[in-house]
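A short worksheet on the structure shown next.
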Amino acid sequence: MSKNKEYLIKRGNSEYEVIIGLEVHAQVLSKSKLFSDSPTNFGAEPNTQVSLVDAAFPGMLPVINEFCIKQAVKTGIGLNAAINKKSIFDRKNYFYADLPQGYQISQYKDPIVGEGSILLDLPDREKKVGIERLHLEQDAGKSIHDIDPQNTLVDLNRSGVALMEIVSKPDLRSPEEVNLYIKKLRSIMRYLGTCDGNMQEGSLRADVNVSIRKTGDKKLGIRCEIKNVNSIKFMQMAIEYEANRQADILEEGGSIDQETRLFDTKKKETRSMRSKEDAHDYRYFPDPDLLPLELTDDFISKIKKEIPELPDEKKKRFVDKFKLTPYEANILVSDIETSKYFEDVIKNSDIKLATNWVTGELFALLNDRNLEISQSPISSKNLSTLINLIKDGTISGKIAKTVFEIMANESKDPKSIIDEKGLKQQSDPKEIEKIVDDVIKENPKNVELFKSGKDKLFGFFVGQVMKKTDGKANPNLVNDILKKKLN
Amino acid sequence: MSDIINLTLSALVNKIKKKELSSQEITSAYIARAEKSKDLNTYITTDFDNAIEKAKKFDEKGNFDYKLPGVPIAVKDLFCTNNLKTTAGSKILSNFIPSYESTVTQHLWDEGAILLGKLNCDEFAMGSSNETSFFGNVESPVGKKVVPGGSSGGSASALAAKLTPTTIGTDTGGSIRQPASFTGTVGLKPTYGSCSRYGIVAFASSLDQAGPMTQDVSDAALMLDVISKYDSKDSTSVNFKRGDYFKSLSSNIKGKKIGIPKEYRVDGMPKEIESFWQDGITLLKKLGAKIIDISLPHTKFALPAYYIVAPAEASSNLARYDGVKYGYRSEGENLISMYENTRSEGFGDEVKRRIMIGTYVLSSGYYDAYYLKAQKIRRLIKNDFDDAYKSVDAILTPSTPNSAFKIGDKTDDPVSMYLNDIFTVPVNLSGLPAISIPAGKDKNNYPLGLQIIGKAFEEQNLLDISYSMEKELSFKNNLQDWWIK
């Protein structure tokens, strides 16, 4: 494969490298909130998933949800990260209508998870991206400005929901690497069952830090933080726009202001939200309502035992054991459901054929209909049966595609489709011989031409046999018999 | 009827259990007296009609095995009470009716007690004289225009004036013990983590602790039995084995080692307080205790550290009162001006002062110099006590450096007001239990208290020492009922 093309911004004679770091906010997969027992269901009626604690009534106190702690530790282990046995919940103080306490409970100096890493599969190599930290924090509620013309309405359903903020090191260098990073992170968390990674529902959002520097420079440039971007596409657009904006400024001899920016999804541009001078002073201090969180070795080792095979290991197994190419393995392991489906298919069928059918026909079908693999109209069992029918010669690859189409629409098992539609391959040499004889008899001129050296006419005869059998004749047999008869 | 109000809590409980008195008789007696004592301004909210109803029900089919069977009790208005206005002495909560009950008050009702109403206090428990309440000053029954102390001033005044047989307060820097000292009553601040903070309007979370305010030490033990329980809803609640305090009360303190800290002999302390302290020492010796001079070297830093830590936490705890969800709201052109109007109008001066101090000490650039340093001092103060407790079982000090003062005397001088807490604050900073018991009266006939500080979770020891002293001191308030109308 060709070498990864470097992503550089060119201005005149200058080339700029783009330095990107991400702060991903991933909603912890948990039935109840971080410090209260309210449910976390998405899409519920506004203000129906709110306890007195979430709404910050006087005298209400937070109590840590142990499950959320487990989920964070699990994620930390999945990111090859150090688990901090002692961490501290701090208060981040600021006023906003959808922040009922007037502070967010977060972790500041002592997060639950320390340094780790994620492996990206670039076309030409693997790249390790550093994780700075992972900490737990509460989500805020939601301010709704467009229902009532006079007032802002507040929905506190999200208030207190557990988030993991996963901070990367500034190791990313292009929009494509950001794409791979987010996908890999999401993949790992889905394997672990710690975050559903659903970006439409806001379960995964990111603040994107972007700076640029001339190629060869060692010192990092001044960065801008683009807040709360909620799709990979928007992240990529925002980076592209922001890197070019910064290059324009530097090229004109200007300097970058450290600031927080917003990405306007309609205009596809970033714009200033607040400068460094206007930055909030959050007055972090340890939350006196909560004791420092101390984890025992036993607690951590129990969680370690629950860690499933993660995408990197699975990929290695697929390559080593199933002899897949790294590319194929990557495609199959990136989504845990896909990998499960694939492993179900190959339990009883040919690996090579299964790889082709899953990554080819099945992916095309799902893509076409915009379905997740879990919604596939074709079960792994039926696909496995279909592959075996090809393998044992019951149907040809071509017929199999027809059967696959019917399966996609009717969700039936391939055997009954083949029986119903009479699609079974004709593999009886005697019957094929009879048809071949008929064809030769009906086309004396062509037989003569073929024998006089027009080899290309062989295909004509095959076509005629297929026509007579509605394409069901076993193509290998047809070839063999035709060759014998014509020569 | 005058007999009823002169009974201690434990005596009342006995009479109810023996059916010599009905809950209704007792409840009516206290209500009648409260109706005639309005000038003291002890109540913010009364719930008398309901109380009578509940008393009737109790008499009909109550459980007489309860620890507080049919006993009417008024509580500090910092405890959230289901369906009854809870104001924390502030305009910003002046219309707030909780839909829930604090754990501590729930324990009272679960043992058969009946709520009389909510007692006045300094706004958000910030004050030492009950002069910061939005609902006005409370007068102490010990003298005309005299403050009852604070912040549990309404509780202390109501208890001393016999408007409730017992009460509960909260103590963040002395808010139970100082008013107890000023009113000739007993005030106990339990070890931090003993009584749940769930449902108590927070002032400074790492210091706040609820506790009983009672007529005598036995009553304090009885009340502690009821309210000191582990609560999973408060993450700072401690699941330790609690004693059977009331039953286990003993006046034998022979051989107990009592420390006398030299740092508590502060400049300008009135001679009579010094002499009360000395009398206490003499008494303890007579009771067979061993007196040991000790040093708590970081004591002088306690008050400054407290006035950084407590406001810091308060500035954050009080952020929720923003006019958005509940409580007082003053409209504005936009969100920010609504916040500004609401909080400017809703909070009083002392609360604003502490929010500003707290915000300042947590600000970037000042955090290390103030908040962090104060936390370090806090640890040093705790270490002082830990060291002292290697050689003593408890520590005796005066409760306050002065007796009660006149309303208005210190309102213009916050620092002199803060100095009231100089002996009580180190205890909160260290999380230790302490009790104030009345020891005598000064030349104005105002009561004075002695404070006994114990080891963490050893409330029984504290109660035993004060119980034995109380017997010998036989303090009597002898109030003249001058406020009755």
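Ligands are numbered from 1 in the order shown, chains are lettered A, B, ... in the order of the structure tokens, and residues start at 1 in each chain.
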Discussion item. Using DSSP assignments from the backbone, pull out every residue in region 57-214 of chain A that falls under strand (DSSP E or B) and give it to me as a PyMOL selection string.
Written reply: chain A and resi 83+86-87+90-93+103-106+113+116-121+126-138+142-144+153-155+162-168+172+204-214
Worksheet entry | Residues near region 63-70 of chain A, cut-off 9 Å, only C-alpha atoms, skip fewer than 5 positions along chain, as a VMD selection string | (chain A and resid 28 to 30 32 to 37 75 112 136 162 to 163 194 289 to 290 299 to 300 303) or (chain B and resid 232 to 235)
Practice prompt. Would you kindly report the residues of chain A within 10 Å of chain B, using only C-alpha atoms, as a PyMOL selection string?
Written response: chain A and resi 36+52+55-64+91-103+151-152+154+281-291
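When only C-alpha atoms are used to measure the gap to Glu309 (chain A), the shortest distance among A:Lys430, A:Ile77, A:Thr215, A:Asp350 belongs to A:Ile77.
CA of Met338 (chain B) is positioned 14.8 Å from CA of Leu153 (chain A).
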Worksheet entry | Residue neighbourhood region 117-120 of chain A, 12 Å, only C-alpha atoms, exclusion window fewer than 2 positions, as a count of residues only | 51
Practice prompt. Quick one: pick out all alpha helix (DSSP H) residues within region 225-346 of chain A from a backbone DSSP run and write them as number ranges by chain.
Written response: A: 232-251, 297-305, 311-322, 326-333, 336-346
Practice prompt. May I have the residues within 9 Å of region 171-179 of chain B as a ChimeraX atom specification, using only C-alpha atoms and disregarding those fewer than 6 positions away in the same chain?
Written response: /B:125-129,147-153,155-157,185-189,203-213,306,310,399-400,404,420-429,434-437,449,451
